[in-house]
There are 6 protein chains.
Amino acid sequence: MTTRYFHDADGELLIVPQHGRLHIATEFGVLDVEPQEIAVIPRGVRFRVALAEGAARGYVCENYGAHLRLPDLGVMGSNGLAHPRDFLTPVAAYEDAEGHFEMVAKFQGRLWKAPIGHSPLDVVAWHGSGAPYKYDLRQFNVMGSISYDHPDPSINLVLHAPSSTPGVDTLDFAVFAPRVLAMQDTFRPPWFHRNIAGEFMGLVHGVYDAKAEGFLPGGASLHNPMIGHGPDAGTFEKASTRDTSQPDYVKDTMAIMFETPVMIQTTRFALESPQRQRQYHECWMGITKHFDPARR
Amino acid sequence: MTTRYFHDADGELLIVPQHGRLHIATEFGVLDVEPQEIAVIPRGVRFRVALAEGAARGYVCENYGAHLRLPDLGVMGSNGLAHPRDFLTPVAAYEDAEGHFEMVAKFQGRLWKAPIGHSPLDVVAWHGSGAPYKYDLRQFNVMGSISYDHPDPSINLVLHAPSSTPGVDTLDFAVFAPRVLAMQDTFRPPWFHRNIAGEFMGLVHGVYDAKAEGFLPGGASLHNPMIGHGPDAGTFEKASTRDTSQPDYVKDTMAIMFETPVMIQTTRFALESPQRQRQYHECWMGITKHFDPARR
Amino acid sequence: MTTRYFHDADGELLIVPQHGRLHIATEFGVLDVEPQEIAVIPRGVRFRVALAEGAARGYVCENYGAHLRLPDLGVMGSNGLAHPRDFLTPVAAYEDAEGHFEMVAKFQGRLWKAPIGHSPLDVVAWHGSGAPYKYDLRQFNVMGSISYDHPDPSINLVLHAPSSTPGVDTLDFAVFAPRVLAMQDTFRPPWFHRNIAGEFMGLVHGVYDAKAEGFLPGGASLHNPMIGHGPDAGTFEKASTRDTSQPDYVKDTMAIMFETPVMIQTTRFALESPQRQRQYHECWMGITKHFDPARR
Amino acid sequence: MTTRYFHDADGELLIVPQHGRLHIATEFGVLDVEPQEIAVIPRGVRFRVALAEGAARGYVCENYGAHLRLPDLGVMGSNGLAHPRDFLTPVAAYEDAEGHFEMVAKFQGRLWKAPIGHSPLDVVAWHGSGAPYKYDLRQFNVMGSISYDHPDPSINLVLHAPSSTPGVDTLDFAVFAPRVLAMQDTFRPPWFHRNIAGEFMGLVHGVYDAKAEGFLPGGASLHNPMIGHGPDAGTFEKASTRDTSQPDYVKDTMAIMFETPVMIQTTRFALESPQRQRQYHECWMGITKHFDPARR
Amino acid sequence: MTTRYFHDADGELLIVPQHGRLHIATEFGVLDVEPQEIAVIPRGVRFRVALAEGAARGYVCENYGAHLRLPDLGVMGSNGLAHPRDFLTPVAAYEDAEGHFEMVAKFQGRLWKAPIGHSPLDVVAWHGSGAPYKYDLRQFNVMGSISYDHPDPSINLVLHAPSSTPGVDTLDFAVFAPRVLAMQDTFRPPWFHRNIAGEFMGLVHGVYDAKAEGFLPGGASLHNPMIGHGPDAGTFEKASTRDTSQPDYVKDTMAIMFETPVMIQTTRFALESPQRQRQYHECWMGITKHFDPARR
Amino acid sequence: MTTRYFHDADGELLIVPQHGRLHIATEFGVLDVEPQEIAVIPRGVRFRVALAEGAARGYVCENYGAHLRLPDLGVMGSNGLAHPRDFLTPVAAYEDAEGHFEMVAKFQGRLWKAPIGHSPLDVVAWHGSGAPYKYDLRQFNVMGSISYDHPDPSINLVLHAPSSTPGVDTLDFAVFAPRVLAMQDTFRPPWFHRNIAGEFMGLVHGVYDAKAEGFLPGGASLHNPMIGHGPDAGTFEKASTRDTSQPDYVKDTMAIMFETPVMIQTTRFALESPQRQRQYHECWMGITKHFDPARR
């Protein structure tokens with residue numbers, strides 16, 4: 001993509017590389033982004049991506065709602081989760097190049113292209129607040145229960161696109177980063193739940209603690225609204241009998257989640273892919289009934 | 001106080017017994033409250049207190065602001081801190097008694113009394129939402145860092161009286177309950193700080209983890225706005241060299257804090273009390289300078 | 001529907017039985033609902049309905065907006081219209097049954113089914129605030145003019161789904177319950193109007209006071225946005241000459257209204273039904289011109 | 001007051017004449033106000049009052065809060081209570097007069113005077129929204145229960161000065177105008193209550209329906225916050241046995257109320273006045289106990 | 001259109017005549033509107049238009065959002081831009097006519113017609129706030145920089161339809177009226193920009209100052225979201241070398257803009273029209289590169 | 001002030017030097033501030049001031065309200081008035097000094113002092129948002145009318161301390177900087193007015209355009225709420241006959257205003273000062289009556 005430039009006129013792009021570093025040259029300067037980091041490119045900003053390692057893989061979310069921003073932390077106070085000072089904006093950099101280039105645009109759900117005789121990354125200086133930025137997920141200051149119970153996954157929120165209804169987001173971007181699970185007398189994995197929002201999960205690095213087997217880095221799961229889900233049978237059994245007087249140190253992991261009340265449609269490509277896990281629901285089949293009415 | 005009744009026409013009462021159980025008979029029914037529990041009596045509600053053990057001691061905060069209420073949990077989600085279902089409201093109970101009683105009122109900062117020929121607790125039934133209630137602080141679902149850093153004390157909020165300015169409370173009631181400190185590479189006690197709000201602390205039970213010595217149950221400390229404070233010298237030294245790869249299980253404690261941007265005035269009685277700790281500031285005198293400019 | 005269960009993944013269900021009692025077994029417990037009562041089943045909640053009298057008829061509204069809730073009463077104060085304490089939530093109840101059942105879901109506007117080997121109503125206990133509930137419309141505390149003029153129909157609001165624009169609701173559920181019309185020097189029926197919201201009306205019980213003839217219990221009328229409507233000719237003539245020094249006691253009635261700014265589409269089934277009243281507009285044809293310019 | 005002018009630099013004046021018409025000449029024009037009408041003079045506006053009948057008597061409230069304004073009607077809809085179109089603003093009128101006049105100002109709680117060589121009412125034309133206005137209380141569109149129960153007095157709100165806390169007003173101005181009490185199975189007078197706000201009541205015209213005797217036009221009552229009050233013994237007994245199948249037509253009355261959470265202090269003049277009703281509390285002494293525990 | 005009446009059930013109409021006066025007879029009375037004036041007809045209001053000069057041309061915007069209203073002026077204070085007192089509402093006027101008329105309605109994006117036996121403009125009197133109105137754009141009180149820099153075009157806002165997200169409007173109606181450009185050391189025309197909202201511009205009168213040639217009165221330009229645009233090459237060169245120590249008096253102009261984040265679709269009629277300017281983008285082709293890296 | 005340090009526990013300090021440069025060493029680093037610049041020191045921050053020229057003079061405002069902040073620009077758009085990027089925060093700097101120092105604090109309206117054995121400016125690094133800052137008033141991007149009329153002075157707002165009531169500020173800080181007055185057919189100086197807020201004005205540099213004589217740099221004027229004021233007689237006569245077809249270039253000036261609805265009390269020192277201008281009101285005495293009723 002050295003002679004092609006792109007911009008998305010429809011929405012903001014949240015880029016989560018999982019494999020391979022990205023060199024993203026934008027009108028505002030350059031972002032070098034590696035796995036376990038993320039980049040956000042505002043709507044309409046022209047950019048070009050070079051693959052530092054020849055190949056790359058990851059997750060991209062196109063946000064049609066409000067600009068992604070940090071959540072208000074509320075009772076959590078002035079520190080915690082993602083800190084404003086860890087979001088990095090590029091220093092101005094420009095290309096003064098003429099030649100045969102191609103400008104590709106996403107506009108109204110379609111891709112359009114046009115020749116352009118010079119690099120559009122010809123911005124010499126800038127000021128303002130609508131710039132691209134990057135963030136290292138390993139900086140995430142994870143909060144959680146330090147007494148009992150497993151809190152809501154919203155406590156892992158990195159960025160969100162709030163709607164005009166307080167408490168309802170068009171898009172939530174959450175991360176499940178390394179952390180200490182020290183709560184006592186508690187089932188420590190995520191609980192079983194149905195959600196008003198759909199959940200698209202990905203694994204950037206390591207293992208995911210609610211799937212004892214089967215979630216590989218680069219994989220993804222999708223649970224649309226009101227589809228019940230939770231830990232698989234193995235995780236359930238193990239967590240149900242765990243002695244919680246000792247902490248679990250969850251290391252070597254970085255899972256991400258895009259959560260949205262809008263229905264997520266899969267493409268035909270995804271549905272027909274050989275990678276699609278057609279027996280996914282079987283991961284819960286081993287869960288057995290423990291209820292004994294005589295013990296009421 | 002068997003023939004005297006009281007009401008506070010000026011504000012709501014937040015009662016935190018530290019020693020001795022309270023039997024609080026109100027117009028709405030009876031609250032039995034023991035240490036590590038709290039009671040809230042709305043403005044204007046008539047009540048009578050009997051001491052189950054003959055004596056009692058504790059903290060009372062008179063709230064002139066909005067009704068105390070649970071904070072919005074924001075990103076923390078739908079569970080955590082004090083749960084709504086743990087606040088208990090009395091079942092209606094009445095006294096059908098005639099005799100020589102005394103009604104005492106606090107009105108405009110003064111106490112007034114009048115004889116009354118019958119018990120004012122003669123309400124046979126009620127509905128509505130302005131009732132007294134109690135809460136057991138041991139139910140508090142403590143949240144905190146499970147990665148690194150020490151979050152703001154607001155994460156320990158039980159109830160607050162919000163002002164009309166978002167984020168500014170007339171009164172915060174926080175609790176420092178038993179919890180697990182598992183964050184790593186971190187100074188785990190509260191940091192040194194100056195605060196826009198004053199802090200009145202009390203210890204209901206056990207020990208307080210930021211004072212290696214000298215905070216007895218039933219004691220109190222007061223730091224008015226912009227008065228710097230933090231752990232004492234002993235706590236500082238110990239925490240600075242603590243190996244944080246292991247958690248601290250903070251047990252056997254229940255400290256409370258009333259926090260308010262309004263200046264708290266001490267009474268002459270308090271200032272002249274033999275219990276007043278006149279050398280309080282010396283607890284920080286042992287803190288020594290560690291800065292070495294050569295190490296810059 | 002004894003071996004089939006249902007849930008609606010798309011929205012909340014507001015059920016208004018008009019004929020025949022409903023036994024609604026849900027994950028949260030059982031609601032027995034009879035005509036002149038309503039039930040609300042939250043989005044995604046599994047339930048099963050048994051017809052106590054073998055047959056049933058009524059109105060169901062699927063709400064895609066915010067959860068239905070009680071309106072703020074504003075100047076009306078702390079009492080009036082539907083009282084919070086009259087909304088009843090079920091006590092937990094469960095089914096511990098295995099067998100051949102069918103789970104039907106409404107998801108993205110379509111119905112889906114799957115076999116299930118046990119009853120999904122296997123929730124033994126619950127807490128939280130997202131439960132089903134019922135309300136008896138006969139408890140509605142009707143407010144109105146006690147001097148002159150006919151107030152807006154919004155004064156009959158039971159529940160609403162507010163949008164994020166103050167004053168604009170996605171769905172209003174209003175009831176026209178028994179009441180006293182005592183305002184003087186006033187045309188007492190609803191006035192003629194065009195509305196920014198569409199109005200779907202039903203009659204649960206008795207007669208409707210703005211239609212001298214022709215509105216039978218179980219019937220329905222639909223006026224989409226900006227379609228003018230009002231009392232029929234007979235009602236108009238009668239009300240225009242009514243002596244208003246005496247009150248009208250409107251008894252033996254229970255009409256309901258779903259009001260929404262979203263356009264309501266009729267199904268082909270409804271349009272082709274023999275019950276469809278094709279000459280509905282003729283009810284206004286008898287209204288004659290009373291204007292005499294000479295009387296200006 | 002023909003050569004004296006006045007303005008109040010501290011607040012807005014709400015003038016409620018009870019006896020005698022007022023000719024109020026202001027910088028914006030003339031307001032002629034008679035009993036059962038009110039006038040509002042904004043803060044800082046110069047004016048002069050002439051007494052059309054040589055004498056006048058009434059109530060004046062000085063509002064230190066937000067400008068008085070009409071309440072949002074909420075569920076009540078777009079009509080009801082005081083209608084915007086009934087508030088009358090003067091047509092511009094000026095005085096082109098030189099001579100020896102006196103300007104009196106209320107500023108910071110004190111009165112100040114200065115000579116002035118010309119009439120300050122020399123404004124020839126104006127535009128804007130900060131003008132004085134009048135309103136006829138007989139236009140008030142009274143709303144109330146038309147089924148059962150007695151609603152909150154806030155339903156009688158004419159104007160209010162909202163604070164920055166939603167639902168809390170610095171000043172409420174309510175009117176108890178002629179109306180029909182038709183609610184059934186209900187105690188129709190105001191109930192007994194303690195209020196977070198103090199209530200200053202006056203009677204402009206006729207009789208007041210919660211005081212069977214003793215409230216004369218021009219009189220006033222004051223109940224500060226948390227002072228319980230309600231109908232007198234005679235009213236209580238009568239209303240308790242009233243057959244409510246027939247309406248009460250409350251005619252020939254116009255009572256007003258200033259309600260505020262700020263404590264209202266009486267002057268020494270008022271406390272020592274021979275008109276002060278020192279045995280006011282005896283109006284409730286005749287209320288007898290009706291409770292019979294055997295009937296539980 | 002003397003025997004045809006129209007109403008738009010889908011939205012509010014903002015009418016901007018460019019050539020020929022309009023006589024708009026509505027249910028609320030008559031609006032006579034000439035070029036450089038605008039009219040707004042609320043959703044659902046019946047009206048009839050007569051062309052005073054036999055022909056007329058202009059721009060019409062159908063607003064599906066909130067009612068158009070004046071913006072809050074914020075720091076600009078209580079005066080500036082369009083003044084409330086310059087918006088004129090008709091005096092009631094009616095037609096008492098019977099005959100063969102046609103009622104045309106726009107409903108759900110389609111046109112419908114029906115015969116009607118009398119004029120629907122038979123409203124003899126009215127009160128309320130939902131009436132049509134007109135405004136003379138020549139009254140617009142233009143604000144701008146009086147020091148340096150070119151402010152955002154939002155400073156030219158006449159009316160807007162705010163969404164429920166603060167700062168985001170469904171529709172902005174701006175005007176570029178005669179004004180003085182006196183800012184110094186500044187490129188005075190509008191800057192080059194891409195916009196989150198699309199811009200539809202029209203020219204009602206005179207010339208437009210950012211297009212040295214080619215924008216005729218009655219013409220229109222459309223730049224949808226994220227399509228970069230700005231002054232043409234000639235305007236750019238001239239403004240870049242302008243001595244800004246003297247003001248520019250921009251006279252003899254009246255350009256308007258409809259701005260909306262919703263995508264504006266052109267009709268096939270517009271796309272195939274011979275008036276369509278197919279080489280529009282060439283107006284920027286003459287802009288040459290001025291950047292000299294040696295001058296860094 | 002080389003061995004004395006100060007902090008204000010009661011409020012934030014807005015420092016406006018008028019003569020002499022200030023070297024302000026704070027816990028966050030150093031601010032060098034010269035006349036026509038301002039500095040803001042947050043509540044509770046320790047600092048020390050050195051006078052670069054041996055002497056200094058200016059204005060200081062103590063803000064007890066919300067933190068000073070930039071106003072939302074509303075319709076003015078994303079640029080104008082004071083730009084965020086022109087506010088400068090210090091780079092961390094520390095003093096590693098021991099010795100005999102004095103710490104002075106303002107607390108609850110009084111000054112307190114204590115010896116301190118080391119410099120309190122011993123902060124080696126910091127992050128967060130509560131830091132001191134400076135701003136150069138000459139950067140102010142002045143907006144105003146570019147057609148007709150004189151806008152409200154709020155258009156000159158630099159910083160404000162908003163209250164919890166929208167539109168009401170506890171403190172406004174405005175600047176009257178060099179600008180072009182080009183509006184036509186208009187009285188160009190500020191109009192005569194009475195204000196709900198008091199106005200304290202100072203002149204930092206040059207001349208003030210509404211006082212033809214008598215406002216010297218370093219002087220101050222005070223008009224408390226509802227005290228009418230405006231241009232002096234000379235300014236009035238001159239502006240009334242000004243040909244407005246040409247602009248006025250207002251150069252060589254920098255006036256500032258503190259505006260607050262709180263009453264500003266003068267000290268006895270100020271009242272008794274020989275600099276007090278006791279005949280200030282005479283500046284308006286020369287204004288003569290121009291009204292001729294025969295010209296109506």
# chains A, B, ... in the order shown; residues from 1 in each chain; ligands from 1
call {"tool": "select_by_dssp", "arguments": {"residues": "stretch 27-190 of chain D", "states": "strand (DSSP E or B)", "output": "PyMOL selection string"}}
result
chain D and resi 29-33+37-41+47-51+57-63+69+81+88+98-107+110-118+133-136+141+143-145+157-162+169-176+179-181
call {"tool": "closest_atom_pairs", "arguments": {"of": "chain A", "to": "chain C", "cutoff": "7 Å", "atoms": "only C-alpha atoms", "output": "JSON lines"}}
result
{"residue": "A:Ser164", "atom": "CA", "partner": "C:Ser164", "partner_atom": "CA", "distance": 6.0}
{"residue": "A:Thr165", "atom": "CA", "partner": "C:Ser164", "partner_atom": "CA", "distance": 5.2}
{"residue": "A:Pro225", "atom": "CA", "partner": "C:Ala9", "partner_atom": "CA", "distance": 6.9}
{"residue": "A:Met226", "atom": "CA", "partner": "C:Gly44", "partner_atom": "CA", "distance": 5.6}
call {"tool": "residues_around", "arguments": {"residues": "B:Gly286", "least_positions_apart": "3", "cutoff": "8 Å", "atoms": "only C-alpha atoms", "output": "VMD selection string"}}
result
chain B and resid 233 to 234 282 to 283
call {"tool": "select_by_dssp", "arguments": {"residues": "stretch 89-267 of chain F", "states": "alpha helix (DSSP H)", "output": "list in words"}}
result
Ala233, Gly234, Thr235, Phe236, Glu237, Lys238, Ala239 and Ser240 of chain F
call {"tool": "closest_atom_pairs", "arguments": {"of": "stretch 152-208 of chain D", "to": "stretch 241-260 of chain C", "cutoff": "12 Å", "atoms": "only C-alpha atoms", "output": "Markdown table"}}
result
| residue | atom | partner | partner_atom | distance |
| --- | --- | --- | --- | --- |
| D:Val180 | CA | C:Pro247 | CA | 9.3 |
| D:Leu181 | CA | C:Pro247 | CA | 10.6 |
| D:Ala182 | CA | C:Pro247 | CA | 8.4 |
| D:Met183 | CA | C:Tyr249 | CA | 10.7 |
| D:Gln184 | CA | C:Tyr249 | CA | 11.0 |
call {"tool": "write_last_selection", "arguments": {"atoms": "N, CA, C and O atoms", "output": "PDB file, in the first residue's frame"}}
result
ATOM      1  N   VAL D 180     -63.844  22.355  41.486  1.00  0.00           N
ATOM      2  CA  VAL D 180     -64.807  21.309  41.808  1.00  0.00           C
ATOM      3  C   VAL D 180     -64.067  20.137  42.449  1.00  0.00           C
ATOM      4  O   VAL D 180     -63.154  19.583  41.842  1.00  0.00           O
ATOM      5  N   LEU D 181     -64.463  19.779  43.661  1.00  0.00           N
ATOM      6  CA  LEU D 181     -63.854  18.609  44.306  1.00  0.00           C
ATOM      7  C   LEU D 181     -64.791  17.432  44.099  1.00  0.00           C
ATOM      8  O   LEU D 181     -65.839  17.346  44.732  1.00  0.00           O
ATOM      9  N   ALA D 182     -64.411  16.547  43.176  1.00  0.00           N
ATOM     10  CA  ALA D 182     -65.327  15.456  42.800  1.00  0.00           C
ATOM     11  C   ALA D 182     -64.741  14.083  43.079  1.00  0.00           C
ATOM     12  O   ALA D 182     -65.379  13.078  42.779  1.00  0.00           O
ATOM     13  N   MET D 183     -63.535  14.052  43.646  1.00  0.00           N
ATOM     14  CA  MET D 183     -62.925  12.736  43.877  1.00  0.00           C
ATOM     15  C   MET D 183     -63.747  11.998  44.933  1.00  0.00           C
ATOM     16  O   MET D 183     -64.296  12.603  45.843  1.00  0.00           O
ATOM     17  N   GLN D 184     -63.773  10.661  44.795  1.00  0.00           N
ATOM     18  CA  GLN D 184     -64.635   9.844  45.639  1.00  0.00           C
ATOM     19  C   GLN D 184     -63.822   9.045  46.651  1.00  0.00           C
ATOM     20  O   GLN D 184     -62.629   8.810  46.460  1.00  0.00           O
TER      21      GLN D 184
END
call {"tool": "atom_distance", "arguments": {"atom1": "atom CA of D:Pro190", "atom2": "atom CA of D:Phe176"}}
result
11.0 Å
call {"tool": "closest_residue", "arguments": {"among": "F:Met201, F:Val142, F:Ile38, F:Ile15", "to": "F:Gly219", "atoms": "only C-alpha atoms"}}
result
F:Met201
call {"tool": "residues_around", "arguments": {"residues": "D:Phe6", "least_positions_apart": "3", "cutoff": "12 Å", "atoms": "only C-alpha atoms", "output": "ChimeraX atom specification"}}
result
/D:1-3,9,13,24-27,41-49,101-107,111-116,119-121
call {"tool": "write_last_selection", "arguments": {"atoms": "C-alpha atoms", "output": "PDB file, in the first residue's frame"}}
result
ATOM      1  CA  MET D   1     -45.989  58.018  45.992  1.00  0.00           C
ATOM      2  CA  THR D   2     -46.307  60.529  43.176  1.00  0.00           C
ATOM      3  CA  THR D   3     -42.857  62.074  43.508  1.00  0.00           C
ATOM      4  CA  ALA D   9     -31.606  45.947  43.472  1.00  0.00           C
ATOM      5  CA  LEU D  13     -41.042  41.654  43.497  1.00  0.00           C
ATOM      6  CA  ILE D  24     -47.956  50.794  38.807  1.00  0.00           C
ATOM      7  CA  ALA D  25     -46.037  53.073  36.431  1.00  0.00           C
ATOM      8  CA  THR D  26     -42.767  51.443  35.383  1.00  0.00           C
ATOM      9  CA  GLU D  27     -39.947  52.123  32.951  1.00  0.00           C
ATOM     10  CA  ILE D  41     -41.547  43.726  38.862  1.00  0.00           C
ATOM     11  CA  PRO D  42     -38.080  42.512  37.804  1.00  0.00           C
ATOM     12  CA  ARG D  43     -35.021  43.281  39.889  1.00  0.00           C
ATOM     13  CA  GLY D  44     -33.698  46.773  39.295  1.00  0.00           C
ATOM     14  CA  VAL D  45     -36.721  48.133  37.412  1.00  0.00           C
ATOM     15  CA  ARG D  46     -37.762  51.633  38.511  1.00  0.00           C
ATOM     16  CA  PHE D  47     -41.441  52.174  39.268  1.00  0.00           C
ATOM     17  CA  ARG D  48     -43.982  54.315  41.063  1.00  0.00           C
ATOM     18  CA  VAL D  49     -47.259  53.114  42.595  1.00  0.00           C
ATOM     19  CA  PHE D 101     -38.214  63.729  42.824  1.00  0.00           C
ATOM     20  CA  GLU D 102     -36.858  61.114  45.138  1.00  0.00           C
ATOM     21  CA  MET D 103     -35.343  57.807  44.076  1.00  0.00           C
ATOM     22  CA  VAL D 104     -35.517  55.080  46.739  1.00  0.00           C
ATOM     23  CA  ALA D 105     -33.529  51.873  46.316  1.00  0.00           C
ATOM     24  CA  LYS D 106     -33.388  48.645  48.218  1.00  0.00           C
ATOM     25  CA  PHE D 107     -29.773  47.478  47.998  1.00  0.00           C
ATOM     26  CA  LEU D 111     -33.138  51.325  51.845  1.00  0.00           C
ATOM     27  CA  TRP D 112     -31.253  54.240  50.282  1.00  0.00           C
ATOM     28  CA  LYS D 113     -32.562  57.476  48.847  1.00  0.00           C
ATOM     29  CA  ALA D 114     -31.301  60.228  46.587  1.00  0.00           C
ATOM     30  CA  PRO D 115     -32.820  63.320  44.951  1.00  0.00           C
ATOM     31  CA  ILE D 116     -33.357  63.137  41.215  1.00  0.00           C
ATOM     32  CA  SER D 119     -38.700  61.225  36.302  1.00  0.00           C
ATOM     33  CA  PRO D 120     -36.712  58.014  35.766  1.00  0.00           C
ATOM     34  CA  LEU D 121     -39.685  56.639  33.815  1.00  0.00           C
TER      35      LEU D 121
END
